[in-house]
>>> print(open('work07.cif').read())   # mmCIF, C-alpha atoms
data_model
#
loop_
_atom_site.group_PDB
_atom_site.id
_atom_site.type_symbol
_atom_site.label_atom_id
_atom_site.label_comp_id
_atom_site.auth_asym_id
_atom_site.auth_seq_id
_atom_site.Cartn_x
_atom_site.Cartn_y
_atom_site.Cartn_z
ATOM 1 C CA MET V 1 -31.676 10.013 -7.414
ATOM 2 C CA ASN V 2 -30.775 6.746 -8.978
ATOM 3 C CA ASN V 3 -29.578 4.199 -6.418
ATOM 4 C CA ASP V 4 -28.278 1.789 -9.063
ATOM 5 C CA ILE V 5 -25.552 4.007 -10.489
ATOM 6 C CA ALA V 6 -22.928 2.977 -7.948
ATOM 7 C CA ASN V 7 -22.662 -0.384 -9.658
ATOM 8 C CA GLY V 8 -23.229 0.905 -13.191
ATOM 9 C CA ALA V 9 -20.703 1.633 -15.879
ATOM 10 C CA ASP V 10 -20.880 5.427 -15.719
ATOM 11 C CA PRO V 11 -17.536 7.242 -15.990
ATOM 12 C CA LEU V 12 -17.631 8.827 -12.548
ATOM 13 C CA SER V 13 -15.656 6.968 -9.937
ATOM 14 C CA ARG V 14 -17.022 6.472 -6.442
ATOM 15 C CA SER V 15 -14.618 9.054 -5.119
ATOM 16 C CA ALA V 16 -15.736 11.554 -7.751
ATOM 17 C CA ARG V 17 -19.357 11.094 -6.672
ATOM 18 C CA ALA V 18 -18.346 11.772 -3.082
ATOM 19 C CA ARG V 19 -16.457 14.910 -4.148
ATOM 20 C CA LEU V 20 -19.480 16.052 -6.162
ATOM 21 C CA ALA V 21 -21.764 15.677 -3.133
ATOM 22 C CA GLU V 22 -19.142 17.373 -0.979
ATOM 23 C CA ALA V 23 -18.850 20.318 -3.383
ATOM 24 C CA ALA V 24 -22.623 20.791 -3.490
ATOM 25 C CA VAL V 25 -22.884 20.766 0.301
ATOM 26 C CA CYS V 26 -19.912 23.113 0.685
ATOM 27 C CA ALA V 27 -21.467 25.567 -1.764
ATOM 28 C CA ALA V 28 -24.840 25.402 -0.009
ATOM 29 C CA LEU V 29 -23.375 25.804 3.475
ATOM 30 C CA ARG V 30 -20.503 28.086 2.442
ATOM 31 C CA LEU V 31 -17.829 25.793 3.832
ATOM 32 C CA PRO V 32 -14.358 25.208 2.386
ATOM 33 C CA PRO V 33 -14.112 21.612 1.064
ATOM 34 C CA ALA V 34 -10.785 21.040 2.823
ATOM 35 C CA ARG V 35 -12.532 21.470 6.173
ATOM 36 C CA LEU V 36 -14.890 18.572 5.422
ATOM 37 C CA ARG V 37 -11.925 16.313 4.674
ATOM 38 C CA GLN V 38 -9.984 17.107 7.834
ATOM 39 C CA GLY V 39 -9.160 14.175 10.076
ATOM 40 C CA ARG V 40 -10.955 15.338 13.179
ATOM 41 C CA ARG V 41 -14.635 16.092 13.690
ATOM 42 C CA GLY V 42 -14.318 19.861 13.515
ATOM 43 C CA VAL V 43 -16.822 22.476 14.565
ATOM 44 C CA SER V 44 -20.516 21.704 14.373
ATOM 45 C CA PRO V 45 -21.242 23.273 10.934
ATOM 46 C CA VAL V 46 -18.336 21.353 9.399
ATOM 47 C CA ALA V 47 -19.394 18.044 10.955
ATOM 48 C CA PHE V 48 -22.981 18.650 9.825
ATOM 49 C CA GLY V 49 -21.837 19.450 6.286
ATOM 50 C CA ARG V 50 -19.804 16.238 6.178
ATOM 51 C CA GLN V 51 -22.800 14.267 7.457
ATOM 52 C CA VAL V 52 -25.038 15.685 4.734
ATOM 53 C CA ALA V 53 -22.414 14.980 2.064
ATOM 54 C CA MET V 54 -22.036 11.395 3.279
ATOM 55 C CA TYR V 55 -25.821 10.981 3.311
ATOM 56 C CA LEU V 56 -26.149 12.268 -0.255
ATOM 57 C CA THR V 57 -23.334 10.009 -1.406
ATOM 58 C CA HIS V 58 -24.940 6.961 0.216
ATOM 59 C CA VAL V 59 -28.608 7.575 -0.498
ATOM 60 C CA GLY V 60 -28.361 9.609 -3.675
ATOM 61 C CA PHE V 61 -25.532 7.840 -5.445
ATOM 62 C CA GLY V 62 -26.113 4.390 -3.979
ATOM 63 C CA LEU V 63 -22.650 3.763 -2.569
ATOM 64 C CA ASN V 64 -22.638 1.401 0.375
ATOM 65 C CA LEU V 65 -21.613 2.589 3.832
ATOM 66 C CA SER V 66 -18.086 1.205 3.534
ATOM 67 C CA GLN V 67 -17.538 2.893 0.162
ATOM 68 C CA VAL V 68 -18.773 6.215 1.526
ATOM 69 C CA GLY V 69 -16.602 5.836 4.602
ATOM 70 C CA LEU V 70 -13.557 5.195 2.440
ATOM 71 C CA ALA V 71 -14.303 8.244 0.289
ATOM 72 C CA PHE V 72 -14.618 10.492 3.348
ATOM 73 C CA GLY V 73 -11.897 8.919 5.485
ATOM 74 C CA ARG V 74 -14.418 7.642 8.018
ATOM 75 C CA ASP V 75 -15.626 4.305 9.315
ATOM 76 C CA ARG V 76 -18.846 2.781 7.962
ATOM 77 C CA THR V 77 -20.442 3.111 11.392
ATOM 78 C CA THR V 78 -19.742 6.843 11.295
ATOM 79 C CA VAL V 79 -21.471 7.010 7.920
ATOM 80 C CA ARG V 80 -24.436 5.065 9.313
ATOM 81 C CA HIS V 81 -24.666 7.524 12.217
ATOM 82 C CA ALA V 82 -24.475 10.497 9.834
ATOM 83 C CA CYS V 83 -27.231 9.066 7.641
ATOM 84 C CA ALA V 84 -29.457 8.483 10.669
ATOM 85 C CA LEU V 85 -28.952 12.077 11.858
ATOM 86 C CA VAL V 86 -29.758 13.521 8.438
ATOM 87 C CA GLU V 87 -32.767 11.223 8.023
ATOM 88 C CA ASP V 88 -34.103 12.376 11.412
ATOM 89 C CA ARG V 89 -33.912 16.008 10.279
ATOM 90 C CA ARG V 90 -35.879 15.349 7.087
ATOM 91 C CA SER V 91 -39.070 15.936 9.070
ATOM 92 C CA GLU V 92 -38.125 19.637 9.281
ATOM 93 C CA PRO V 93 -39.748 21.344 6.266
ATOM 94 C CA GLY V 94 -36.910 23.791 5.621
ATOM 95 C CA PHE V 95 -34.243 21.127 5.840
ATOM 96 C CA GLU V 96 -36.236 18.750 3.645
ATOM 97 C CA LEU V 97 -36.594 21.450 0.996
ATOM 98 C CA ALA V 98 -32.855 22.233 1.039
ATOM 99 C CA LEU V 99 -31.906 18.553 0.912
ATOM 100 C CA ALA V 100 -34.318 17.892 -1.962
ATOM 101 C CA ALA V 101 -32.784 20.826 -3.852
ATOM 102 C CA LEU V 102 -29.280 19.412 -3.326
ATOM 103 C CA GLU V 103 -30.429 15.979 -4.510
ATOM 104 C CA ALA V 104 -31.989 17.498 -7.620
ATOM 105 C CA ALA V 105 -28.872 19.518 -8.385
ATOM 106 C CA LEU V 106 -26.684 16.440 -8.022
ATOM 107 C CA THR V 107 -28.965 14.437 -10.298
ATOM 108 C CA LEU V 108 -28.748 17.115 -12.977
ATOM 109 C CA ARG V 109 -24.968 17.360 -12.652
ATOM 110 C CA LEU V 110 -24.607 13.604 -12.850
ATOM 111 C CA ARG V 111 -26.699 13.518 -16.013
ATOM 112 C CA ALA V 112 -24.371 16.104 -17.545
ATOM 113 C CA PHE V 113 -21.368 13.828 -16.880
ATOM 114 C CA ALA V 114 -23.041 10.509 -17.584
ATOM 115 C CA PRO V 115 -26.451 10.801 -19.306
ATOM 116 C CA GLU V 116 -27.204 7.065 -19.023
ATOM 117 C CA ALA V 117 -26.616 7.143 -15.237
ATOM 118 C CA GLY V 118 -29.414 9.605 -14.475
ATOM 119 C CA ARG V 119 -32.189 7.477 -15.993
#
>>> encode(input="work07.cif", output="structure tokens")
Amino acid sequence: MNNDIANGADPLSRSARARLAEAAVCAALRLPPARLRQGRRGVSPVAFGRQVAMYLTHVGFGLNLSQVGLAFGRDRTTVRHACALVEDRRSEPGFELALAALEAALTLRLRAFAPEAGR
């Protein structure tokens, strides 16, 4: 996905990008979005879903760690930890395939909202 769109003039706010990543992850993992936004860590599948959503928001949409942390109600060091965990799992073929599919879906959705942002 395009890493420059976080600073671009597309109409989606940073928070909206985070919610878009969150919605995609929740749909893929069959989790209610409210669970990802809860204040505490939560059960393992919820924490993992939040980590993937934070990773996609950072890597896919180009928001910095502090911006992602603000969008998810977490500290930037928590976002860094989440990104490292997700990156470590990318060596698993099944996980890599699922993550690539989520990235592609988010890119297509972003282009629908802001065609110039997906270039």
>>> atom_distance(input="work07.cif", atom1="atom CA of Ala105 of chain V", atom2="atom CA of Ala24 of chain V")
8.0 Å
>>> closest_residue(input="work07.cif", among="V:Val68, V:Val86, V:Ala104, V:Ala98", to="Ser15 of chain V", atoms="all atoms listed in the file")
V:Val68
>>> residues_around(input="work07.cif", residues="Thr57 of chain V", least_positions_apart="3", cutoff="8 Å", atoms="all atoms listed in the file", output="compact mmCIF listing (two decimals) with C-alpha atoms, in the coordinates of the input")
# COMPACT_ATOMS: atom_id res chain seq x y z
CA ARG V 17 -19.36 11.09 -6.67
CA ALA V 18 -18.35 11.77 -3.08
CA ALA V 21 -21.76 15.68 -3.13
CA ALA V 53 -22.41 14.98 2.06
CA MET V 54 -22.04 11.40 3.28
CA GLY V 60 -28.36 9.61 -3.68
CA PHE V 61 -25.53 7.84 -5.44
CA GLY V 62 -26.11 4.39 -3.98
CA LEU V 63 -22.65 3.76 -2.57
CA VAL V 68 -18.77 6.22 1.53
>>> closest_residue(input="work07.cif", among="V:Val52, V:Ala100, V:Leu106, V:Leu85", to="Ala16 of chain V", atoms="only C-alpha atoms")
V:Leu106
>>> atom_distance(input="work07.cif", atom1="atom CA of Leu65 of chain V", atom2="atom CA of Leu108 of chain V")
23.3 Å
>>> axis_aligned_box(input="work07.cif", around="segment 55-74 of chain V", padding_each_side="6 Å", output="AutoDock Vina command-line options")
--center_x -20.3 --center_y 6.7 --center_z 1.3 --size_x 28.7 --size_y 23.1 --size_z 25.5
>>> residues_near_point(input="work07.cif", point="(-26.5, 8.1, 4.4)", cutoff="7 Å", atoms="all atoms listed in the file", output="list of chain:residue names")
V:Met54, V:Tyr55, V:Leu56, V:Thr57, V:His58, V:Val59, V:Val79, V:Arg80, V:Ala82, V:Cys83, V:Ala84
>>> residues_around(input="work07.cif", residues="Phe95 of chain V", least_positions_apart="6", cutoff="12 Å", atoms="all atoms listed in the file", output="MDAnalysis selection string")
chainID V and resid 28 52 86:89 101:102
>>> write_last_selection(input="work07.cif", atoms="C-alpha atoms", output="mmCIF file, in the frame of the given file")
data_model
loop_
_atom_site.group_PDB
_atom_site.id
_atom_site.type_symbol
_atom_site.label_atom_id
_atom_site.label_comp_id
_atom_site.auth_asym_id
_atom_site.auth_seq_id
_atom_site.Cartn_x
_atom_site.Cartn_y
_atom_site.Cartn_z
ATOM 1 C CA ALA V 28 -24.840 25.402 -0.009
ATOM 2 C CA VAL V 52 -25.038 15.685 4.734
ATOM 3 C CA VAL V 86 -29.758 13.521 8.438
ATOM 4 C CA GLU V 87 -32.767 11.223 8.023
ATOM 5 C CA ASP V 88 -34.103 12.376 11.412
ATOM 6 C CA ARG V 89 -33.912 16.008 10.279
ATOM 7 C CA ALA V 101 -32.784 20.826 -3.852
ATOM 8 C CA LEU V 102 -29.280 19.412 -3.326
#
>>> residues_around(input="work07.cif", residues="Gly49 of chain V", least_positions_apart="4", cutoff="7 Å", atoms="all atoms listed in the file", output="ChimeraX atom specification")
/V:25-26,45,53
>>> write_last_selection(input="work07.cif", atoms="C-alpha atoms", output="mmCIF file, in the coordinates of the input")
data_model
loop_
_atom_site.group_PDB
_atom_site.id
_atom_site.type_symbol
_atom_site.label_atom_id
_atom_site.label_comp_id
_atom_site.auth_asym_id
_atom_site.auth_seq_id
_atom_site.Cartn_x
_atom_site.Cartn_y
_atom_site.Cartn_z
ATOM 1 C CA VAL V 25 -22.884 20.766 0.301
ATOM 2 C CA CYS V 26 -19.912 23.113 0.685
ATOM 3 C CA PRO V 45 -21.242 23.273 10.934
ATOM 4 C CA ALA V 53 -22.414 14.980 2.064
#
>>> atom_distance(input="work07.cif", atom1="atom CA of Glu103 of chain V", atom2="atom CA of Gln51 of chain V")
14.3 Å
>>> resolve_selection(input="work07.cif", expression="the PyMOL selection byres ((chain V and resi 33) around 10)", output="list in words")
Arg19, Glu22, Ala23, Ala24, Val25, Cys26, Ala27, Arg30, Leu31, Pro32, Ala34, Arg35, Leu36, Arg37, Gln38, Val46, Gly49 and Arg50 of chain V
>>> closest_residue(input="work07.cif", among="V:Gln67, V:Leu110, V:Arg40, V:Arg90", to="Arg14 of chain V", atoms="all atoms listed in the file")
V:Gln67
>>> closest_residue(input="work07.cif", among="V:Thr107, V:Ser66, V:Ser13, V:Gly73", to="Gly39 of chain V", atoms="only C-alpha atoms")
V:Gly73
>>> decode(input="work07.cif", residues="segment 60-75 of chain V", atoms="all heavy atoms", output="short mmCIF file (atom, residue, chain, number, x, y, z; two decimals), in the first residue's frame")
data_model
loop_
_atom_site.label_atom_id
_atom_site.label_comp_id
_atom_site.auth_asym_id
_atom_site.auth_seq_id
_atom_site.Cartn_x
_atom_site.Cartn_y
_atom_site.Cartn_z
N GLY V 60 0.64 -0.03 6.21
CA GLY V 60 -0.16 0.15 5.01
C GLY V 60 -0.55 1.58 4.71
O GLY V 60 -0.49 2.03 3.58
N PHE V 61 -0.94 2.31 5.76
CA PHE V 61 -1.40 3.68 5.56
C PHE V 61 -0.35 4.72 5.89
O PHE V 61 -0.57 5.91 5.72
CB PHE V 61 -2.67 3.94 6.38
CG PHE V 61 -3.87 3.20 5.89
CD1 PHE V 61 -4.76 2.62 6.78
CD2 PHE V 61 -4.16 3.09 4.54
CE1 PHE V 61 -5.88 1.95 6.34
CE2 PHE V 61 -5.27 2.42 4.08
CZ PHE V 61 -6.14 1.85 4.98
N GLY V 62 0.80 4.30 6.40
CA GLY V 62 1.91 5.20 6.61
C GLY V 62 1.80 6.13 7.80
O GLY V 62 2.56 7.09 7.91
N LEU V 63 0.89 5.88 8.72
CA LEU V 63 0.84 6.70 9.92
C LEU V 63 2.01 6.34 10.82
O LEU V 63 2.43 5.19 10.86
CB LEU V 63 -0.47 6.46 10.68
CG LEU V 63 -1.70 7.26 10.22
CD1 LEU V 63 -2.14 6.86 8.83
CD2 LEU V 63 -2.82 7.08 11.21
N ASN V 64 2.55 7.34 11.52
CA ASN V 64 3.66 7.02 12.40
C ASN V 64 3.14 6.33 13.67
O ASN V 64 1.94 6.27 13.90
CB ASN V 64 4.51 8.26 12.71
CG ASN V 64 3.79 9.31 13.53
OD1 ASN V 64 3.07 8.99 14.47
ND2 ASN V 64 4.01 10.57 13.19
N LEU V 65 4.06 5.81 14.45
CA LEU V 65 3.68 5.02 15.63
C LEU V 65 2.83 5.82 16.61
O LEU V 65 1.88 5.29 17.18
CB LEU V 65 4.93 4.47 16.32
CG LEU V 65 5.80 3.52 15.49
CD1 LEU V 65 7.04 3.13 16.27
CD2 LEU V 65 5.02 2.29 15.07
N SER V 66 3.15 7.07 16.80
CA SER V 66 2.37 7.91 17.72
C SER V 66 0.96 8.13 17.21
O SER V 66 0.00 8.09 17.99
CB SER V 66 3.06 9.26 17.94
OG SER V 66 4.30 9.07 18.58
N GLN V 67 0.81 8.36 15.91
CA GLN V 67 -0.51 8.55 15.32
C GLN V 67 -1.36 7.29 15.44
O GLN V 67 -2.55 7.35 15.75
CB GLN V 67 -0.38 8.96 13.84
CG GLN V 67 0.22 10.33 13.65
CD GLN V 67 0.63 10.58 12.21
OE1 GLN V 67 0.91 9.65 11.45
NE2 GLN V 67 0.70 11.85 11.84
N VAL V 68 -0.74 6.15 15.20
CA VAL V 68 -1.46 4.88 15.33
C VAL V 68 -1.86 4.65 16.78
O VAL V 68 -2.99 4.27 17.08
CB VAL V 68 -0.61 3.69 14.80
CG1 VAL V 68 -1.32 2.36 15.05
CG2 VAL V 68 -0.32 3.87 13.32
N GLY V 69 -0.93 4.91 17.68
CA GLY V 69 -1.23 4.76 19.10
C GLY V 69 -2.40 5.62 19.53
O GLY V 69 -3.30 5.17 20.26
N LEU V 70 -2.43 6.85 19.07
CA LEU V 70 -3.53 7.76 19.39
C LEU V 70 -4.86 7.22 18.84
O LEU V 70 -5.88 7.24 19.54
CB LEU V 70 -3.24 9.15 18.82
CG LEU V 70 -4.22 10.25 19.16
CD1 LEU V 70 -4.26 10.49 20.67
CD2 LEU V 70 -3.83 11.53 18.44
N ALA V 71 -4.83 6.72 17.64
CA ALA V 71 -6.05 6.19 17.01
C ALA V 71 -6.59 4.95 17.73
O ALA V 71 -7.80 4.72 17.75
CB ALA V 71 -5.79 5.86 15.54
N PHE V 72 -5.70 4.17 18.33
CA PHE V 72 -6.12 2.94 19.00
C PHE V 72 -6.10 3.05 20.52
O PHE V 72 -6.33 2.06 21.21
CB PHE V 72 -5.24 1.77 18.56
CG PHE V 72 -5.57 1.26 17.18
CD1 PHE V 72 -4.93 1.78 16.07
CD2 PHE V 72 -6.53 0.29 17.00
CE1 PHE V 72 -5.25 1.34 14.80
CE2 PHE V 72 -6.85 -0.16 15.73
CZ PHE V 72 -6.21 0.36 14.62
N GLY V 73 -5.81 4.23 21.04
CA GLY V 73 -5.80 4.41 22.49
C GLY V 73 -4.66 3.67 23.16
O GLY V 73 -4.79 3.19 24.29
N ARG V 74 -3.52 3.60 22.46
CA ARG V 74 -2.35 2.90 22.97
C ARG V 74 -1.13 3.79 22.87
O ARG V 74 -1.12 4.78 22.15
CB ARG V 74 -2.09 1.59 22.18
CG ARG V 74 -3.21 0.55 22.23
CD ARG V 74 -3.40 0.05 23.64
NE ARG V 74 -4.24 -1.12 23.77
CZ ARG V 74 -5.55 -1.09 23.95
NH1 ARG V 74 -6.20 0.04 23.97
NH2 ARG V 74 -6.22 -2.22 24.13
N ASP V 75 -0.08 3.41 23.53
CA ASP V 75 1.19 4.11 23.49
C ASP V 75 1.95 3.71 22.23
O ASP V 75 1.76 2.60 21.71
CB ASP V 75 1.99 3.73 24.75
CG ASP V 75 3.27 4.52 24.87
OD1 ASP V 75 3.19 5.69 25.26
OD2 ASP V 75 4.33 3.94 24.54
#
